[in-house]
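S.K.: Have a look at this one before I ask anything.
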Amino acid sequence: MQIECKENLESIASLLHKLTPAQYQHPSRYLSGATIGQHIRHILEFYTCLAQAFSTRDIVNYDQRKRSMCLENDPREAIGVLSNHITWLQSERIVGEIHLAAAYATSSEKICSMPSSYQRELAYCLEHSIHHQALIKIGLLEQGLEDLIEPEFGVAPSTIKFRQQKDLESA
């Protein structure tokens, strides 16, 4: 799972190297005014929460992430955090059990706690990232930046495999 997460983060870094701060901060009318930077910040903060929980062997709670406006506004800051996460994924053996805490209802303060594993949480971070990359793709298309989009950016691996199989069958 670490390799898959690393590759996904590298694809984000590749995109960010091509974006100007203005493109990164452009509010998308199709995404309720959200920017590419806001989606990148959100992705990175989930990985940050997991990395911190791993280093302290504590509970992971994505709801309690620290929202960093510099990640949202500056693609170079985001590239630095991406690089740190990629290094973490390459240098550690991220295995073991963890507990996840989250509040899933807006109508109550109830915190749910459940057992999980670091590998399961890495899978969650990856799926979460792919979902937000699909939204980022909308923001890029709105700005006329389709030439910056790699074909598999924001597409789930199962969808890529399905499309490849379909292409083989129709060839």
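As shown in the structure tokens, the chain order sets the letters A, B, ...; within each chain, residues go from 1, and ligands are also counted from 1 in the order they appear.
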Taking only residues of region 66-87 of chain A that have an atom at most 7 Å from an atom of region 20-26 of chain A, what is each one's shortest atom pair and its distance in Å to one decimal, using only C-alpha atoms, in chain and number order, as CSV?
M.R.:
residue,atom,partner,partner_atom,distance
A:Asn73,CA,A:Gln25,CA,6.0
A:Asp74,CA,A:Pro21,CA,6.1
A:Pro75,CA,A:Pro21,CA,6.4
S.K.: Might you pull out every residue within 7 Å of region 38-54 of chain A, with only C-alpha atoms counted and same-chain residues fewer than 2 positions away left off, and present them as an MDAnalysis selection string?
M.R.: chainID A and resid 34:36 56:60 62 65 71:72 125 129 132 136
S.K.: Using DSSP on the backbone, list every residue of chain A that comes out as strand (DSSP E), and give them as a list in words.
M.R.: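 DSSP-assigned strand (DSSP E) residues in chain A: Glu97, Ile98, His99, Leu100, Ala101, Ala102, Cys112, Ser113, Met114, Pro115, Ser116 and Ser117 of chain A.
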S.K.: Generate a file of the selected residues that holds C-alpha atoms, formatted as a PDB file, in the first residue's frame.
M.R.:
ATOM      1  CA  GLU A  97      -2.912  -1.773  14.575  1.00  0.00           C
ATOM      2  CA  ILE A  98      -4.399   1.659  15.239  1.00  0.00           C
ATOM      3  CA  HIS A  99      -7.701   3.075  16.410  1.00  0.00           C
ATOM      4  CA  LEU A 100      -9.688   5.531  14.323  1.00  0.00           C
ATOM      5  CA  ALA A 101     -11.808   8.176  16.042  1.00  0.00           C
ATOM      6  CA  ALA A 102     -14.387  10.251  14.183  1.00  0.00           C
ATOM      7  CA  CYS A 112     -16.993   6.768  17.289  1.00  0.00           C
ATOM      8  CA  SER A 113     -13.851   4.770  17.957  1.00  0.00           C
ATOM      9  CA  MET A 114     -13.027   1.666  15.995  1.00  0.00           C
ATOM     10  CA  PRO A 115     -10.077  -0.611  15.459  1.00  0.00           C
ATOM     11  CA  SER A 116      -8.187  -0.259  12.221  1.00  0.00           C
ATOM     12  CA  SER A 117      -4.695  -0.800  10.864  1.00  0.00           C
TER      13      SER A 117
END
S.K.: With only C-alpha atoms as the atoms that count, which of A:Glu142, A:Glu121, A:Asp167, A:Asp147 lies nearest to Tyr30 (chain A)?
M.R.: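 Of A:Glu142, A:Glu121, A:Asp167, A:Asp147, the one nearest Tyr30 (chain A), counting only C-alpha atoms, is A:Glu142.
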S.K.: If I take CA of Lys6 (chain A) and CA of Met69 (chain A), how far is one from the other in Å, to one decimal?
M.R.: 23.5 Å
S.K.: Just checking: using only C-alpha atoms, which residue out of A:Gln2, A:Ser108, A:Phe162, A:Gln143 ends up closest to Ile94 (chain A)?
M.R.: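 Smallest separation from Ile94 (chain A) among the options: A:Gln2.
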S.K.: Excluding Arg76 (chain A) and its own-chain neighbours fewer than 3 positions away, which residues fall within 9 Å of it when counting only C-alpha atoms? Please give them as a ChimeraX atom specification.
M.R.: /A:16-17,21,71,79-81
S.K.: Neighbours of Leu9 (chain A) within 9 Å (only C-alpha atoms; same-chain residues fewer than 3 positions away dropped), as a VMD selection string?
M.R.: chain A and resid 4 to 6 12 to 14 82 to 83 85 to 86 126 129
S.K.: Could you give me the residues within region 47-146 of chain A that DSSP places in alpha helix (DSSP H), as a PyMOL selection string?
M.R.: chain A and resi 47-56+69-73+75-91+118-142
S.K.: Pick the closest to Tyr124 (chain A) from A:Ile149, A:Val155, A:Met1, A:Leu19: which is it, counting only C-alpha atoms?
M.R.: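 The answer is A:Met1, which sits nearest to Tyr124 (chain A).
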S.K.: Go through A:Tyr104, A:Asn84, A:Ala134, A:Leu168 and flag the residue nearest Asn61 (chain A), using only C-alpha atoms for the distances.
M.R.: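 Using only C-alpha atoms, Asn61 (chain A) sits closest to A:Tyr104.
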